[in-house]
Amino acid sequence: MNEFNITKDMVVEILEGVSFRMQKFKKELMDEYDLSFSNKNLSEIIGKIMEKVASDVFTKRLGYKVKRALADREPDLLFTKINKPMEIKMTSTENAWTGGEFSQRPFDYLLISWGGNFDEFFCCLTQLKNVDWKSNIKKKFYGPTLTAKAVYEKKDKIVFFGDFEITPRNTVKLKREKVKL
């Protein structure tokens, strides 16, 4: 499963870097100019920052180039030595990720949930196929979902940061951990 050879230490370094940059973004742009963004917009921004920081950290720590996407048609990360792509999927919720109905890629995914002051995260690695995503077209919603429960039930996952929590109503939610800066 982890043919990428990424470790929890690497992931923590990435999450700390993302948190630092997002807090700076919030202070120097959002707060300074009284701007607000939806969580969807923020997830896209955090995702782009995550691609850059992950590319830098993985390249440095693994000792070979890990390329980040420069266009939407490219995978978020490409581990050049092993020629393997990795997608990064962000959510601000504690129970699901949303994808694009026609854009799911059957790759390994780094699934991330963010919260708090951009300093709380859940992060795991798993392989997803198109069938893992539940279509919402019949509900007239473009985005298919991947539930926390579906990820929790997957055998081939590595949780690097955070955990799963079973609620009293027997649902699964993501439990985020706070990064230290």
# chains A, B, ... in the order shown; residues from 1 in each chain; ligands from 1
call {"tool": "residues_around", "arguments": {"residues": "stretch 29-41 of chain A", "least_positions_apart": "5", "cutoff": "9 Å", "atoms": "only C-alpha atoms", "output": "mmCIF file with C-alpha atoms, in the first residue's frame"}}
result
data_model
loop_
_atom_site.group_PDB
_atom_site.id
_atom_site.type_symbol
_atom_site.label_atom_id
_atom_site.label_comp_id
_atom_site.auth_asym_id
_atom_site.auth_seq_id
_atom_site.Cartn_x
_atom_site.Cartn_y
_atom_site.Cartn_z
ATOM 1 C CA LYS A 24 -0.572 33.731 7.294
ATOM 2 C CA ILE A 46 -5.574 24.648 1.078
ATOM 3 C CA THR A 91 -12.828 18.465 3.014
ATOM 4 C CA SER A 92 -13.865 20.850 5.749
#
call {"tool": "residues_around", "arguments": {"residues": "A:Val172", "least_positions_apart": "3", "cutoff": "6 Å", "atoms": "only C-alpha atoms", "output": "CSV table (one decimal) with N, CA, C and O atoms, in the first residue's frame"}}
result
chain,number,residue,atom,x,y,z
A,149,LYS,N,-17.3,6.8,6.8
A,149,LYS,CA,-17.5,5.4,7.1
A,149,LYS,C,-16.9,4.4,6.0
A,149,LYS,O,-16.3,3.4,6.3
A,165,GLU,N,-13.9,8.2,14.7
A,165,GLU,CA,-14.6,8.2,15.9
A,165,GLU,C,-16.0,7.6,15.6
A,165,GLU,O,-16.7,8.0,14.6
A,166,ILE,N,-16.4,6.6,16.4
A,166,ILE,CA,-17.8,6.1,16.2
A,166,ILE,C,-18.7,6.8,17.2
A,166,ILE,O,-18.4,6.8,18.4
call {"tool": "closest_residue", "arguments": {"among": "A:Lys155, A:Asn117, A:Asn95, A:Lys129", "to": "A:Lys27", "atoms": "only C-alpha atoms"}}
result
A:Asn117
call {"tool": "residues_around", "arguments": {"residues": "stretch 1-17 of chain A", "least_positions_apart": "3", "cutoff": "7 Å", "atoms": "only C-alpha atoms", "output": "PyMOL selection string"}}
result
chain A and resi 20-21+53-54+57+156+160+179-181
call {"tool": "closest_residue", "arguments": {"among": "A:Ile158, A:Leu78, A:Leu174, A:Met50", "to": "A:Gly115", "atoms": "only C-alpha atoms"}}
result
A:Leu174
call {"tool": "closest_atom_pairs", "arguments": {"of": "stretch 33-55 of chain A", "to": "stretch 71-76 of chain A", "cutoff": "12 Å", "atoms": "only C-alpha atoms", "output": "JSON lines"}}
result
{"residue": "A:Glu44", "atom": "CA", "partner": "A:Asp72", "partner_atom": "CA", "distance": 11.9}
{"residue": "A:Gly47", "atom": "CA", "partner": "A:Asp76", "partner_atom": "CA", "distance": 9.1}
{"residue": "A:Lys48", "atom": "CA", "partner": "A:Asp76", "partner_atom": "CA", "distance": 8.7}
{"residue": "A:Ile49", "atom": "CA", "partner": "A:Asp76", "partner_atom": "CA", "distance": 11.1}
{"residue": "A:Met50", "atom": "CA", "partner": "A:Asp76", "partner_atom": "CA", "distance": 9.4}
{"residue": "A:Glu51", "atom": "CA", "partner": "A:Asp76", "partner_atom": "CA", "distance": 6.3}
{"residue": "A:Lys52", "atom": "CA", "partner": "A:Asp76", "partner_atom": "CA", "distance": 9.4}
{"residue": "A:Val53", "atom": "CA", "partner": "A:Asp76", "partner_atom": "CA", "distance": 11.7}
{"residue": "A:Ala54", "atom": "CA", "partner": "A:Asp76", "partner_atom": "CA", "distance": 9.8}
{"residue": "A:Ser55", "atom": "CA", "partner": "A:Asp76", "partner_atom": "CA", "distance": 9.2}
call {"tool": "select_by_dssp", "arguments": {"residues": "chain A", "states": "strand (DSSP E or B)", "output": "count of residues only"}}
result
52
call {"tool": "closest_residue", "arguments": {"among": "A:Ile45, A:Ser113, A:Phe118, A:Asn130", "to": "A:Gly162", "atoms": "only C-alpha atoms"}}
result
A:Ser113
call {"tool": "select_by_dssp", "arguments": {"residues": "stretch 20-131 of chain A", "states": "helix (DSSP H, G or I)", "output": "PyMOL selection string"}}
result
chain A and resi 20-31+39-62+130-131
call {"tool": "write_last_selection", "arguments": {"atoms": "N, CA, C and O atoms", "output": "short mmCIF file (atom, residue, chain, number, x, y, z; two decimals), in the first residue's frame"}}
result
data_model
loop_
_atom_site.label_atom_id
_atom_site.label_comp_id
_atom_site.auth_asym_id
_atom_site.auth_seq_id
_atom_site.Cartn_x
_atom_site.Cartn_y
_atom_site.Cartn_z
N PHE A 20 0.81 26.78 8.78
CA PHE A 20 1.55 28.04 8.87
C PHE A 20 1.14 28.98 7.73
O PHE A 20 0.85 30.15 7.93
N ARG A 21 1.13 28.46 6.51
CA ARG A 21 0.81 29.28 5.34
C ARG A 21 -0.65 29.74 5.36
O ARG A 21 -0.97 30.88 4.99
N MET A 22 -1.56 28.86 5.78
CA MET A 22 -2.98 29.25 5.82
C MET A 22 -3.25 30.28 6.92
O MET A 22 -4.08 31.17 6.73
N GLN A 23 -2.57 30.17 8.04
CA GLN A 23 -2.75 31.19 9.09
C GLN A 23 -2.22 32.54 8.62
O GLN A 23 -2.81 33.58 8.90
N LYS A 24 -1.13 32.50 7.87
CA LYS A 24 -0.57 33.73 7.29
C LYS A 24 -1.54 34.29 6.24
O LYS A 24 -1.79 35.50 6.19
N PHE A 25 -2.09 33.43 5.40
CA PHE A 25 -3.08 33.82 4.39
C PHE A 25 -4.28 34.48 5.06
O PHE A 25 -4.76 35.52 4.62
N LYS A 26 -4.75 33.87 6.16
CA LYS A 26 -5.90 34.41 6.88
C LYS A 26 -5.59 35.78 7.46
O LYS A 26 -6.34 36.73 7.27
N LYS A 27 -4.45 35.91 8.11
CA LYS A 27 -4.08 37.18 8.76
C LYS A 27 -3.81 38.28 7.74
O LYS A 27 -4.31 39.40 7.87
N GLU A 28 -3.01 37.97 6.73
CA GLU A 28 -2.54 39.01 5.81
C GLU A 28 -3.49 39.28 4.64
O GLU A 28 -3.34 40.31 3.98
N LEU A 29 -4.43 38.41 4.40
CA LEU A 29 -5.35 38.64 3.29
C LEU A 29 -6.80 38.71 3.78
O LEU A 29 -7.45 39.73 3.63
N MET A 30 -7.24 37.65 4.41
CA MET A 30 -8.65 37.60 4.82
C MET A 30 -8.96 38.64 5.91
O MET A 30 -9.91 39.41 5.77
N ASP A 31 -8.17 38.65 6.97
CA ASP A 31 -8.41 39.58 8.07
C ASP A 31 -8.08 41.02 7.65
O ASP A 31 -8.87 41.94 7.89
N ASN A 39 -16.13 27.50 2.62
CA ASN A 39 -15.26 26.36 2.94
C ASN A 39 -14.82 25.63 1.68
O ASN A 39 -13.72 25.08 1.62
N LYS A 40 -15.68 25.63 0.66
CA LYS A 40 -15.31 25.02 -0.62
C LYS A 40 -14.12 25.77 -1.23
O LYS A 40 -13.14 25.15 -1.67
N ASN A 41 -14.19 27.11 -1.25
CA ASN A 41 -13.08 27.91 -1.76
C ASN A 41 -11.82 27.69 -0.93
O ASN A 41 -10.72 27.54 -1.48
N LEU A 42 -11.97 27.67 0.39
CA LEU A 42 -10.83 27.47 1.28
C LEU A 42 -10.21 26.09 1.07
O LEU A 42 -8.99 25.96 1.08
N SER A 43 -11.05 25.08 0.86
CA SER A 43 -10.52 23.74 0.60
C SER A 43 -9.69 23.72 -0.68
O SER A 43 -8.65 23.06 -0.75
N GLU A 44 -10.13 24.46 -1.69
CA GLU A 44 -9.36 24.54 -2.94
C GLU A 44 -8.02 25.24 -2.71
O GLU A 44 -6.99 24.80 -3.21
N ILE A 45 -8.04 26.31 -1.93
CA ILE A 45 -6.80 27.05 -1.62
C ILE A 45 -5.86 26.16 -0.80
O ILE A 45 -4.67 26.04 -1.11
N ILE A 46 -6.39 25.54 0.24
CA ILE A 46 -5.57 24.65 1.08
C ILE A 46 -5.02 23.50 0.23
O ILE A 46 -3.86 23.11 0.38
N GLY A 47 -5.83 22.98 -0.67
CA GLY A 47 -5.38 21.90 -1.55
C GLY A 47 -4.20 22.32 -2.40
O GLY A 47 -3.23 21.55 -2.56
N LYS A 48 -4.23 23.52 -2.96
CA LYS A 48 -3.12 24.01 -3.78
C LYS A 48 -1.87 24.21 -2.93
O LYS A 48 -0.75 23.87 -3.34
N ILE A 49 -2.04 24.76 -1.74
CA ILE A 49 -0.91 24.93 -0.83
C ILE A 49 -0.35 23.57 -0.44
O ILE A 49 0.85 23.35 -0.40
N MET A 50 -1.25 22.62 -0.19
CA MET A 50 -0.85 21.25 0.18
C MET A 50 -0.03 20.62 -0.94
O MET A 50 0.99 19.96 -0.66
N GLU A 51 -0.44 20.79 -2.19
CA GLU A 51 0.31 20.24 -3.32
C GLU A 51 1.74 20.78 -3.33
O GLU A 51 2.70 20.02 -3.50
N LYS A 52 1.88 22.08 -3.14
CA LYS A 52 3.21 22.72 -3.16
C LYS A 52 4.07 22.23 -1.99
O LYS A 52 5.22 21.82 -2.17
N VAL A 53 3.53 22.29 -0.79
CA VAL A 53 4.29 21.89 0.40
C VAL A 53 4.62 20.40 0.34
O VAL A 53 5.75 19.99 0.62
N ALA A 54 3.66 19.56 -0.05
CA ALA A 54 3.90 18.11 -0.14
C ALA A 54 4.98 17.82 -1.18
O ALA A 54 5.88 17.00 -0.94
N SER A 55 4.91 18.47 -2.32
CA SER A 55 5.93 18.29 -3.35
C SER A 55 7.32 18.61 -2.80
O SER A 55 8.27 17.85 -2.98
N ASP A 56 7.43 19.74 -2.12
CA ASP A 56 8.72 20.16 -1.55
C ASP A 56 9.22 19.19 -0.48
O ASP A 56 10.37 18.76 -0.50
N VAL A 57 8.34 18.82 0.46
CA VAL A 57 8.74 17.95 1.57
C VAL A 57 9.08 16.55 1.05
O VAL A 57 10.12 15.99 1.41
N PHE A 58 8.22 15.98 0.22
CA PHE A 58 8.49 14.64 -0.30
C PHE A 58 9.77 14.62 -1.13
O PHE A 58 10.56 13.68 -1.04
N THR A 59 9.99 15.63 -1.96
CA THR A 59 11.20 15.70 -2.77
C THR A 59 12.44 15.71 -1.87
O THR A 59 13.39 14.96 -2.08
N LYS A 60 12.40 16.55 -0.85
CA LYS A 60 13.54 16.67 0.07
C LYS A 60 13.75 15.38 0.87
O LYS A 60 14.86 14.87 0.94
N ARG A 61 12.68 14.82 1.40
CA ARG A 61 12.81 13.69 2.31
C ARG A 61 13.01 12.35 1.59
O ARG A 61 13.64 11.45 2.12
N LEU A 62 12.45 12.22 0.38
CA LEU A 62 12.59 10.96 -0.36
C LEU A 62 13.83 10.94 -1.24
O LEU A 62 14.28 9.88 -1.69
N ASN A 130 -13.39 4.38 -8.94
CA ASN A 130 -14.62 5.13 -9.22
C ASN A 130 -15.82 4.58 -8.44
O ASN A 130 -16.68 5.36 -8.02
N VAL A 131 -15.87 3.27 -8.22
CA VAL A 131 -17.02 2.68 -7.50
C VAL A 131 -17.05 3.08 -6.02
O VAL A 131 -18.09 2.93 -5.38
#
